[in-house]
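Peer 1: Here you go, this is target_32.cif (mmCIF, C-alpha atoms).
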data_data
loop_
_atom_site.group_PDB
_atom_site.id
_atom_site.type_symbol
_atom_site.label_atom_id
_atom_site.label_comp_id
_atom_site.auth_asym_id
_atom_site.auth_seq_id
_atom_site.Cartn_x
_atom_site.Cartn_y
_atom_site.Cartn_z
ATOM 1 C CA MET I 1234 -21.661 305.140 218.460
ATOM 2 C CA GLU I 1235 -18.174 306.057 219.578
ATOM 3 C CA GLU I 1236 -15.144 305.209 217.429
ATOM 4 C CA LYS I 1237 -13.812 302.710 219.983
ATOM 5 C CA ASP I 1238 -17.122 300.794 219.792
ATOM 6 C CA ARG I 1239 -16.844 300.104 216.080
ATOM 7 C CA ALA I 1240 -15.470 296.897 214.605
ATOM 8 C CA GLN I 1241 -12.040 297.501 213.142
ATOM 9 C CA PRO I 1242 -10.556 295.744 210.103
ATOM 10 C CA ALA I 1243 -7.281 294.000 210.788
ATOM 11 C CA ASP I 1244 -3.999 294.962 209.148
ATOM 12 C CA PRO I 1245 -4.244 293.745 205.513
ATOM 13 C CA ALA I 1246 -0.487 293.120 205.439
ATOM 14 C CA ALA I 1247 -0.934 290.483 208.139
ATOM 15 C CA SER I 1248 -2.999 288.183 205.907
ATOM 16 C CA GLN I 1249 -1.286 285.540 203.836
ATOM 17 C CA GLU I 1250 -0.967 285.816 200.089
ATOM 18 C CA ASP I 1251 -3.610 283.172 199.375
ATOM 19 C CA GLY I 1252 -6.390 285.577 200.438
ATOM 20 C CA ARG I 1253 -8.233 282.896 202.411
ATOM 21 C CA ASN I 1254 -7.764 284.551 205.786
ATOM 22 C CA VAL I 1255 -10.205 286.934 207.371
ATOM 23 C CA SER I 1256 -9.327 289.088 210.377
ATOM 24 C CA LEU I 1257 -11.774 290.984 212.533
ATOM 25 C CA THR I 1258 -11.340 292.929 215.763
ATOM 26 C CA ILE I 1259 -14.417 293.915 217.749
ATOM 27 C CA PRO I 1260 -15.103 295.482 221.129
ATOM 28 C CA ALA I 1261 -15.311 292.798 223.835
ATOM 29 C CA LYS I 1262 -19.032 293.354 224.299
ATOM 30 C CA PRO I 1263 -21.836 290.817 223.764
ATOM 31 C CA ASP I 1264 -23.646 292.901 221.135
ATOM 32 C CA TYR I 1265 -20.683 292.655 218.747
ATOM 33 C CA LEU I 1266 -20.350 288.851 218.703
ATOM 34 C CA VAL I 1267 -22.866 288.677 215.865
ATOM 35 C CA LEU I 1268 -20.200 290.239 213.602
ATOM 36 C CA ALA I 1269 -17.832 287.342 214.265
ATOM 37 C CA ARG I 1270 -20.613 284.853 213.552
ATOM 38 C CA LEU I 1271 -21.353 286.624 210.250
ATOM 39 C CA ALA I 1272 -17.684 286.575 209.274
ATOM 40 C CA LEU I 1273 -17.542 282.857 210.077
ATOM 41 C CA SER I 1274 -20.637 282.257 207.934
ATOM 42 C CA ALA I 1275 -18.987 284.016 205.005
ATOM 43 C CA VAL I 1276 -15.806 281.955 205.338
ATOM 44 C CA CYS I 1277 -17.809 278.727 205.660
ATOM 45 C CA ARG I 1278 -19.447 279.415 202.293
ATOM 46 C CA LEU I 1279 -16.032 278.632 200.785
ATOM 47 C CA THR I 1280 -16.003 275.172 202.398
ATOM 48 C CA PRO I 1281 -17.902 271.919 201.847
ATOM 49 C CA LEU I 1282 -19.271 272.053 205.421
ATOM 50 C CA GLU I 1283 -22.910 271.123 205.950
ATOM 51 C CA ALA I 1284 -25.321 273.546 207.617
ATOM 52 C CA LEU I 1285 -25.247 271.625 210.919
ATOM 53 C CA GLU I 1286 -21.445 271.740 210.975
ATOM 54 C CA VAL I 1287 -21.527 275.494 210.382
ATOM 55 C CA ALA I 1288 -24.051 275.860 213.208
ATOM 56 C CA ASP I 1289 -21.719 273.888 215.500
ATOM 57 C CA LEU I 1290 -18.821 276.173 214.545
ATOM 58 C CA LYS I 1291 -20.908 279.263 215.255
ATOM 59 C CA LEU I 1292 -21.727 277.863 218.683
ATOM 60 C CA ALA I 1293 -18.048 277.120 219.337
ATOM 61 C CA VAL I 1294 -17.010 280.643 218.291
ATOM 62 C CA THR I 1295 -19.712 282.181 220.475
ATOM 63 C CA GLU I 1296 -18.625 280.086 223.463
ATOM 64 C CA ALA I 1297 -14.950 280.865 222.883
ATOM 65 C CA ALA I 1298 -15.652 284.587 222.543
ATOM 66 C CA SER I 1299 -17.799 284.601 225.669
ATOM 67 C CA GLU I 1300 -14.635 283.932 227.681
ATOM 68 C CA PHE I 1301 -13.340 287.344 226.613
ATOM 69 C CA VAL I 1302 -16.591 289.306 227.002
ATOM 70 C CA ASP I 1303 -17.436 291.255 230.113
ATOM 71 C CA SER I 1304 -21.064 292.243 230.401
ATOM 72 C CA GLY I 1305 -20.165 295.148 232.701
ATOM 73 C CA ASP I 1306 -19.042 298.561 231.518
ATOM 74 C CA ASP I 1307 -15.750 298.675 233.401
ATOM 75 C CA ARG I 1308 -13.637 297.234 230.550
ATOM 76 C CA ASP I 1309 -14.633 299.502 227.666
ATOM 77 C CA ASP I 1310 -11.269 299.380 225.882
ATOM 78 C CA ASP I 1311 -11.017 295.565 225.646
ATOM 79 C CA THR I 1312 -11.250 293.946 222.217
ATOM 80 C CA ILE I 1313 -11.420 290.467 220.744
ATOM 81 C CA ALA I 1314 -9.393 289.692 217.622
ATOM 82 C CA PHE I 1315 -10.633 286.899 215.361
ATOM 83 C CA GLU I 1316 -8.512 285.269 212.690
ATOM 84 C CA PHE I 1317 -10.324 282.882 210.337
ATOM 85 C CA ARG I 1318 -7.812 280.805 208.351
ATOM 86 C CA LEU I 1319 -9.021 278.522 205.604
ATOM 87 C CA GLY I 1320 -6.254 276.069 204.807
ATOM 88 C CA GLU I 1321 -5.856 272.815 202.981
ATOM 89 C CA GLY I 1322 -8.357 270.475 204.591
ATOM 90 C CA ARG I 1323 -9.057 272.593 207.683
ATOM 91 C CA LEU I 1324 -10.588 275.774 208.997
ATOM 92 C CA GLU I 1325 -8.897 277.449 211.945
ATOM 93 C CA VAL I 1326 -10.437 280.163 214.069
ATOM 94 C CA GLU I 1327 -8.117 281.937 216.489
ATOM 95 C CA LEU I 1328 -9.441 284.318 219.115
ATOM 96 C CA VAL I 1329 -7.309 286.663 221.189
ATOM 97 C CA GLY I 1330 -8.785 288.765 223.950
ATOM 98 C CA PRO I 1331 -8.478 289.933 227.537
ATOM 99 C CA GLU I 1332 -7.524 287.374 230.187
ATOM 100 C CA ASN I 1333 -9.543 286.307 233.229
ATOM 101 C CA VAL I 1334 -12.864 287.870 232.293
ATOM 102 C CA THR I 1335 -15.055 284.856 233.130
ATOM 103 C CA SER I 1336 -15.178 282.536 236.115
ATOM 104 C CA ASN I 1337 -13.523 279.114 236.082
ATOM 105 C CA THR I 1338 -16.929 277.430 236.178
ATOM 106 C CA ASP I 1339 -18.148 279.338 233.111
ATOM 107 C CA ARG I 1340 -14.845 278.660 231.356
ATOM 108 C CA GLU I 1341 -15.075 274.904 232.026
ATOM 109 C CA LEU I 1342 -18.601 274.756 230.618
ATOM 110 C CA SER I 1343 -17.536 276.715 227.523
ATOM 111 C CA HIS I 1344 -14.576 274.385 226.972
ATOM 112 C CA ALA I 1345 -16.843 271.330 227.186
ATOM 113 C CA ILE I 1346 -19.212 272.786 224.584
ATOM 114 C CA ILE I 1347 -16.321 273.774 222.320
ATOM 115 C CA GLU I 1348 -14.673 270.356 222.533
ATOM 116 C CA ALA I 1349 -17.994 268.736 221.574
ATOM 117 C CA THR I 1350 -18.404 270.918 218.475
ATOM 118 C CA VAL I 1351 -14.933 271.186 216.887
ATOM 119 C CA ASP I 1352 -12.244 268.666 215.947
ATOM 120 C CA GLU I 1353 -9.386 270.331 217.818
ATOM 121 C CA SER I 1354 -9.082 273.138 220.327
ATOM 122 C CA GLU I 1355 -6.323 274.845 222.288
ATOM 123 C CA PHE I 1356 -6.867 277.103 225.262
ATOM 124 C CA SER I 1357 -4.376 279.460 226.862
ATOM 125 C CA PRO I 1358 -4.818 282.694 228.816
ATOM 126 C CA GLY I 1359 -6.063 285.325 226.371
ATOM 127 C CA ARG I 1360 -6.070 282.946 223.370
ATOM 128 C CA THR I 1361 -8.267 280.170 221.971
ATOM 129 C CA LEU I 1362 -7.738 278.154 218.792
ATOM 130 C CA LEU I 1363 -10.563 276.179 217.191
ATOM 131 C CA VAL I 1364 -9.967 273.746 214.311
ATOM 132 C CA LYS I 1365 -12.527 272.073 212.086
ATOM 133 C CA GLN I 1366 -11.308 269.440 209.630
ATOM 134 C CA LEU I 1367 -12.895 269.790 206.203
ATOM 135 C CA PRO I 1368 -14.353 266.795 204.338
#
Show me this structure written as structure tokens.
Peer 2:
Amino acid sequence: MEEKDRAQPADPAASQEDGRNVSLTIPAKPDYLVLARLALSAVCRLTPLEALEVADLKLAVTEAASEFVDSGDDRDDDTIAFEFRLGEGRLEVELVGPENVTSNTDRELSHAIIEATVDESEFSPGRTLLVKQLP
């Protein structure tokens, strides 16, 4: 495995002092999305979310990340950065990745799935924010 294909830890100085943020940057390849889902699972253990709510969040993160993943080999240097922020009464997941990787049709379907599984979402080129309110 080449160095550029390994998940990289984010800058520790970028996290807030409360220690409830997790950052992860992975290659923008389908095989690495499982790492983001595992990180989300770990963060969700600190919340009162039920198993079905966690499963919905995992689906939303997978759909959001799929917008930044190219299944071809022509974009080897692209990455996706995940920021999991556990705040007072909410969990935010921010994804930043390459723009215009998927078709508009695929993007619309992903947005519909995301909006059905999280409480709030924001979409902009190269960035997606998912918010789940905590009970």
Peer 1: For the structure provided, state which residues fall under the PyMOL selection byres ((chain I and resi 1356) around 12), and present them as number ranges by chain.
Peer 2: I: 1297-1298, 1300, 1327-1330, 1332, 1340-1341, 1343-1345, 1347-1348, 1353-1355, 1357-1364
Peer 1: For this file, the PyMOL selection byres ((chain I and resi 1269) around 12) selects which residues, as a ChimeraX atom specification?
Peer 2: /I:1240-1242,1255-1268,1270-1276,1290-1299,1313-1317,1326-1328
Peer 1: Nearest to Val1287 in chain I among I:Leu1324, I:Arg1253, I:Thr1312, I:Pro1331, with distances taken over only C-alpha atoms: which residue is it?
Peer 2: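 Checking each of I:Leu1324, I:Arg1253, I:Thr1312, I:Pro1331 against Val1287 in chain I, counting only C-alpha atoms, the winner is I:Leu1324.
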Peer 1: If I wrap all listed atoms of range 1270-1284 of chain I in a box with edges along x, y and z and add 4 Å on each side, what are its centre and edge lengths in Å to one decimal, as JSON?
Peer 2:
{"center_x": -20.6, "center_y": 278.9, "center_z": 207.2, "size_x": 17.5, "size_y": 23.5, "size_z": 20.8}
Peer 1: Measuring atom to atom with only C-alpha atoms, identify which of I:Asp1303, I:Val1351, I:Pro1368, I:Glu1283 is nearest to Glu1325 in chain I.
Peer 2: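 Of all the options, I:Val1351 lies closest to Glu1325 in chain I.
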Peer 1: Tell me, in Å to one decimal, how far CA of Leu1342 in chain I is from CA of Phe1301 in chain I.
Peer 2: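 Between CA of Leu1342 in chain I and CA of Phe1301 in chain I the gap works out to 14.2 Å.
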Peer 1: May I have the protein, DNA and RNA residues with an atom at most 10 Å from (-4.9, 268.7, 205.8), counting all atoms listed in the file in the file's coordinates, returned as a tab-separated table (two decimals) with C-alpha atoms, keeping the file's coordinate frame?
Peer 2:
chain	number	residue	atom	x	y	z
I	1320	GLY	CA	-6.25	276.07	204.81
I	1321	GLU	CA	-5.86	272.82	202.98
I	1322	GLY	CA	-8.36	270.48	204.59
I	1323	ARG	CA	-9.06	272.59	207.68
I	1324	LEU	CA	-10.59	275.77	209.00
I	1366	GLN	CA	-11.31	269.44	209.63
I	1367	LEU	CA	-12.90	269.79	206.20
I	1368	PRO	CA	-14.35	266.80	204.34
Peer 1: Rounded to one decimal, what separation in Å do you get between CA of Cys1277 in chain I and CA of Thr1335 in chain I?
Peer 2: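 Answer for the CA of Cys1277 in chain I to CA of Thr1335 in chain I separation: 28.3 Å.
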Peer 1: May I ask for the distance between CA of Leu1319 in chain I and CA of Lys1365 in chain I, given in Å to one decimal place?
Peer 2: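 Between CA of Leu1319 in chain I and CA of Lys1365 in chain I the gap is 9.8 Å.
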